[in-house]
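Asks: Dropping the structure in here first, questions after.
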Amino acid sequence: MGGRMARACDARPSRQPLLSHRVATYASHADGCMRKTLQDFTNQRLWALFMKELQQIRRNRRLVISLIVPPTLLVFLFGFALNPQVRNLRLGVVDDSHTPESRELVSAFFESGVFQVESYYTSSDALSRALDAGDLDAGLIVPSNFAKRLARGEAVDVQLFVDAVDSNKATIAGGYASRIIAALSDRLTQASPLTVSIKRAQPPRARSAVPRVALFYNPGLRSDWFIIPGMLGVLLILNGSLVAAATMVREKEAGTVEQLLMTPAESLEIITAKIAPLFLLLSLDIWLVLSIGYFVFGIPVRGSLLLLFATGLLCTLAGIGIGTLIATFTKTQQQAQLMGFFVNPPLSLLSGAMTPVEAMPQWLRPLTNLNPVRHFAIIARSIMFKGVGFETLYPHIFALLGITLVLISFSVWRFRKQL
């Protein structure tokens, strides 16, 4: 027994090299597994394709300029030019009364800021010819008995002719004119002794209804506050679709798609690498438009800026999905641009970005629910002006998310099918 124990003690040193060799083998194998796991996690092929697309975009200066200059110009243009208020309408006057009361009436039209007195005419026929020639937007005829009938407390008819080729302008101008004449009539009749005696015979003033209007969220009634948040969604869809379609079709025209298919990269990796740089660059347009709106037009952001940016990213993805889908139906960049001009105008017109959805026909309104711009316009205005959050906007956020997922999934499926 003592001899076996001595031999066992002598054998221990001989086992140590074997154990060290096994530990080293397992350690190298573990290191290889970790490296492989890390490579799979970072996906070197996807990263290489991503960097390749960024390099191509960096060399394409026209693309970079198109992502910065057009949105900036459009925001300034629409913010300053698109104004639903009617101002400076050219007014022609036929004053048959030639009294202080008739001159006060014409002055009331001028002081409103809506009408600009263009010229005086001696007859209604001359005024009609000026309207026919397009020299005037409206014509005012004051009858000869205007002051006399006012003095007697009688009703007097004042004729106003409006060029109704633009129905919206004619409706607004007619409403302004009615309020101007009504205000002036009240002021003139209150100064008349006859009217004072009639006023005393009327019911007490306390029984009459007096409206008190409170303007929430946009007390200054600024039209640019309504237009620019809606234009943000239109620009994201417009830029995303045009740039994505042009990029995808350019690869098909140059034949580089076939070269990419010869690499070990899968088709989904190729599509992802092409979409990701565009998505990153187009997301900068969100901050660009918000900055212009805040510093130039004074548009506030009373709600969550993070939620606004996240929904803007969804709108950007929807635009990229539309552009990728357009690329699957076209073979050249000219065809992609023509199809983009066919798709994008209906999206902007049926979005409520520039005109209210309530003004559209009843049968057309349900179609706007399929428009991503409409949901983003509601989200942007609610966050920026009302300061509401996810608990209020979740129906529109989920609708925007669903539309984006459908567009991206369908466009990627069709593009992979063509590879």
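We label chains A, B, ... in the order they appear in the structure tokens, count residues from 1 in each chain, and number ligands from 1 in the order shown.
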Near Leu236 of chain A, counting only C-alpha atoms, which residues have an atom at most 7 Å away, once you skip same-chain residues fewer than 2 positions from it, shown as a PyMOL selection string?
Replies: chain A and resi 232-234+238-240+315-316+319
Asks: Residues of segment 23-131 of chain A that have any atom at most 10 Å from an atom of segment 271-284 of chain A: could you tabulate them with the shortest-distance atom pair and the distance in Å to one decimal, using only C-alpha atoms, ordered by chain and increasing number, as CSV?
Replies:
```
residue,atom,partner,partner_atom,distance
A:Arg45,CA,A:Ala273,CA,9.4
A:Leu46,CA,A:Ala273,CA,6.2
A:Trp47,CA,A:Ala273,CA,7.7
A:Ala48,CA,A:Ala273,CA,8.6
A:Leu49,CA,A:Ala273,CA,5.6
A:Phe50,CA,A:Ala273,CA,4.7
A:Met51,CA,A:Ala273,CA,8.4
A:Lys52,CA,A:Ala273,CA,8.6
A:Glu53,CA,A:Lys274,CA,6.3
A:Leu54,CA,A:Pro277,CA,6.2
A:Gln55,CA,A:Pro277,CA,9.9
A:Ile57,CA,A:Pro277,CA,8.3
A:Val64,CA,A:Leu281,CA,8.6
A:Leu67,CA,A:Leu282,CA,7.0
A:Ile68,CA,A:Leu284,CA,8.8
```
Asks: Grab the residues selected above and save them as a tab-separated table (two decimals), in the first residue's frame with all heavy atoms.
Replies:
```
chain	number	residue	atom	x	y	z
A	45	ARG	N	-21.50	42.34	-42.12
A	45	ARG	CA	-21.93	42.52	-43.51
A	45	ARG	C	-22.93	43.67	-43.61
A	45	ARG	O	-22.83	44.51	-44.51
A	45	ARG	CB	-22.56	41.23	-44.04
A	45	ARG	CG	-21.58	40.08	-44.17
A	45	ARG	CD	-22.25	38.85	-44.68
A	45	ARG	NE	-23.36	38.46	-43.82
A	45	ARG	CZ	-23.98	37.27	-43.88
A	45	ARG	NH1	-23.61	36.39	-44.77
A	45	ARG	NH2	-24.96	36.99	-43.06
A	46	LEU	N	-23.88	43.70	-42.67
A	46	LEU	CA	-24.85	44.78	-42.69
A	46	LEU	C	-24.18	46.13	-42.45
A	46	LEU	O	-24.51	47.13	-43.08
A	46	LEU	CB	-25.93	44.54	-41.63
A	46	LEU	CG	-27.06	45.57	-41.52
A	46	LEU	CD1	-27.81	45.66	-42.84
A	46	LEU	CD2	-28.00	45.23	-40.38
A	47	TRP	N	-23.22	46.15	-41.53
A	47	TRP	CA	-22.50	47.39	-41.25
A	47	TRP	C	-21.69	47.85	-42.45
A	47	TRP	O	-21.63	49.04	-42.76
A	47	TRP	CB	-21.61	47.21	-40.03
A	47	TRP	CG	-20.82	48.43	-39.67
A	47	TRP	CD1	-19.50	48.64	-39.85
A	47	TRP	CD2	-21.34	49.62	-39.06
A	47	TRP	NE1	-19.13	49.89	-39.40
A	47	TRP	CE2	-20.24	50.52	-38.92
A	47	TRP	CE3	-22.59	50.02	-38.63
A	47	TRP	CZ2	-20.39	51.77	-38.35
A	47	TRP	CZ3	-22.74	51.27	-38.07
A	47	TRP	CH2	-21.64	52.14	-37.93
A	48	ALA	N	-21.06	46.89	-43.15
A	48	ALA	CA	-20.29	47.24	-44.34
A	48	ALA	C	-21.19	47.79	-45.44
A	48	ALA	O	-20.85	48.79	-46.10
A	48	ALA	CB	-19.52	46.02	-44.84
A	49	LEU	N	-22.36	47.17	-45.62
A	49	LEU	CA	-23.29	47.68	-46.62
A	49	LEU	C	-23.83	49.05	-46.22
A	49	LEU	O	-24.02	49.93	-47.07
A	49	LEU	CB	-24.45	46.69	-46.78
A	49	LEU	CG	-24.12	45.36	-47.46
A	49	LEU	CD1	-25.31	44.42	-47.37
A	49	LEU	CD2	-23.73	45.58	-48.91
A	50	PHE	N	-24.06	49.24	-44.94
A	50	PHE	CA	-24.53	50.53	-44.45
A	50	PHE	C	-23.52	51.63	-44.72
A	50	PHE	O	-23.87	52.72	-45.18
A	50	PHE	CB	-24.83	50.41	-42.96
A	50	PHE	CG	-25.26	51.70	-42.32
A	50	PHE	CD1	-26.54	52.17	-42.45
A	50	PHE	CD2	-24.35	52.45	-41.57
A	50	PHE	CE1	-26.93	53.37	-41.86
A	50	PHE	CE2	-24.72	53.64	-40.98
A	50	PHE	CZ	-26.02	54.10	-41.12
A	51	MET	N	-22.24	51.33	-44.44
A	51	MET	CA	-21.20	52.33	-44.68
A	51	MET	C	-21.03	52.60	-46.18
A	51	MET	O	-20.74	53.72	-46.59
A	51	MET	CB	-19.88	51.85	-44.07
A	51	MET	CG	-19.90	51.77	-42.54
A	51	MET	SD	-20.34	53.34	-41.77
A	51	MET	CE	-18.97	54.37	-42.30
A	52	LYS	N	-21.23	51.55	-46.99
A	52	LYS	CA	-21.13	51.74	-48.45
A	52	LYS	C	-22.23	52.70	-48.93
A	52	LYS	O	-21.96	53.60	-49.75
A	52	LYS	CB	-21.28	50.39	-49.16
A	52	LYS	CG	-21.22	50.49	-50.69
A	52	LYS	CD	-21.61	49.20	-51.33
A	52	LYS	CE	-23.10	48.98	-51.30
A	52	LYS	NZ	-23.83	49.92	-52.20
A	53	GLU	N	-23.43	52.53	-48.42
A	53	GLU	CA	-24.51	53.42	-48.82
A	53	GLU	C	-24.26	54.85	-48.35
A	53	GLU	O	-24.55	55.81	-49.07
A	53	GLU	CB	-25.85	52.91	-48.24
A	53	GLU	CG	-26.31	51.58	-48.82
A	53	GLU	CD	-26.60	51.66	-50.30
A	53	GLU	OE1	-27.02	52.74	-50.76
A	53	GLU	OE2	-26.40	50.65	-51.00
A	54	LEU	N	-23.71	54.99	-47.15
A	54	LEU	CA	-23.38	56.33	-46.67
A	54	LEU	C	-22.32	57.00	-47.55
A	54	LEU	O	-22.40	58.21	-47.82
A	54	LEU	CB	-22.91	56.28	-45.22
A	54	LEU	CG	-23.98	56.21	-44.14
A	54	LEU	CD1	-23.32	56.21	-42.76
A	54	LEU	CD2	-24.94	57.38	-44.25
A	55	GLN	N	-21.34	56.22	-47.98
A	55	GLN	CA	-20.32	56.78	-48.86
A	55	GLN	C	-20.91	57.21	-50.19
A	55	GLN	O	-20.55	58.26	-50.74
A	55	GLN	CB	-19.21	55.74	-49.08
A	55	GLN	CG	-18.36	55.44	-47.86
A	55	GLN	CD	-17.52	56.64	-47.44
A	55	GLN	OE1	-17.14	57.47	-48.26
A	55	GLN	NE2	-17.22	56.72	-46.16
A	57	ILE	N	-24.02	58.17	-50.69
A	57	ILE	CA	-24.81	59.37	-50.44
A	57	ILE	C	-23.92	60.58	-50.26
A	57	ILE	O	-24.23	61.69	-50.72
A	57	ILE	CB	-25.72	59.15	-49.21
A	57	ILE	CG1	-26.78	58.08	-49.53
A	57	ILE	CG2	-26.38	60.45	-48.78
A	57	ILE	CD1	-27.64	57.72	-48.34
A	64	VAL	N	-27.89	65.16	-51.10
A	64	VAL	CA	-27.76	65.85	-49.82
A	64	VAL	C	-28.42	67.22	-49.87
A	64	VAL	O	-29.12	67.64	-48.93
A	64	VAL	CB	-26.27	65.96	-49.43
A	64	VAL	CG1	-26.12	66.74	-48.13
A	64	VAL	CG2	-25.65	64.57	-49.28
A	67	LEU	N	-32.18	67.11	-49.66
A	67	LEU	CA	-32.72	66.82	-48.33
A	67	LEU	C	-32.72	68.05	-47.43
A	67	LEU	O	-33.34	68.02	-46.36
A	67	LEU	CB	-31.90	65.70	-47.67
A	67	LEU	CG	-31.99	64.32	-48.30
A	67	LEU	CD1	-31.06	63.36	-47.59
A	67	LEU	CD2	-33.41	63.80	-48.27
A	68	ILE	N	-32.04	69.12	-47.82
A	68	ILE	CA	-31.92	70.30	-46.96
A	68	ILE	C	-32.60	71.51	-47.57
A	68	ILE	O	-33.43	72.17	-46.94
A	68	ILE	CB	-30.43	70.60	-46.67
A	68	ILE	CG1	-29.79	69.42	-45.94
A	68	ILE	CG2	-30.30	71.88	-45.85
A	68	ILE	CD1	-28.31	69.58	-45.72
```
Asks: Could you tell me how far atom CA of Ser241 of chain A sits from atom CA of Ser223 of chain A, in Å to one decimal place?
Replies: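 Spanning atom CA of Ser223 of chain A to atom CA of Ser241 of chain A is a straight-line distance of 27.3 Å.
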Asks: Between atom CA of Ile228 of chain A and atom CA of Pro84 of chain A, what is the distance, to one decimal in Å?
Replies: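 If I compute the distance from atom CA of Ile228 of chain A to atom CA of Pro84 of chain A, I get 13.5 Å.
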Asks: Could you work out how far atom CA of Leu347 of chain A lies from atom CA of Thr328 of chain A, giving the answer in Å with one decimal?
Replies: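 Interatomic distance, atom CA of Thr328 of chain A to atom CA of Leu347 of chain A: 19.4 Å.
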Asks: For Leu73 of chain A, which residue among A:Ala138, A:Leu407, A:Ile292, A:Ile286 is the nearest when counting only C-alpha atoms?
Replies: A:Ile292
Asks: A:Gly134, A:Pro300, A:Pro345, A:Pro71: which is nearest Arg90 of chain A, counting only C-alpha atoms?
Replies: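 Distance minimum relative to Arg90 of chain A lands on A:Gly134.
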Asks: Show which residues sit within 12 Å of segment 91-97 of chain A, as a ChimeraX atom specification. Count only C-alpha atoms, and ignore same-chain residues fewer than 2 positions away.
Replies: /A:87-89,99-107,109-110,113-131,134-150,158-163,173,177
Asks: Could you check the closest approach to Val289 of chain A for each of A:Ile227, A:Ala327, A:Ala245, A:Leu364 and tell me which residue wins, using only C-alpha atoms?
Replies: A:Ile227
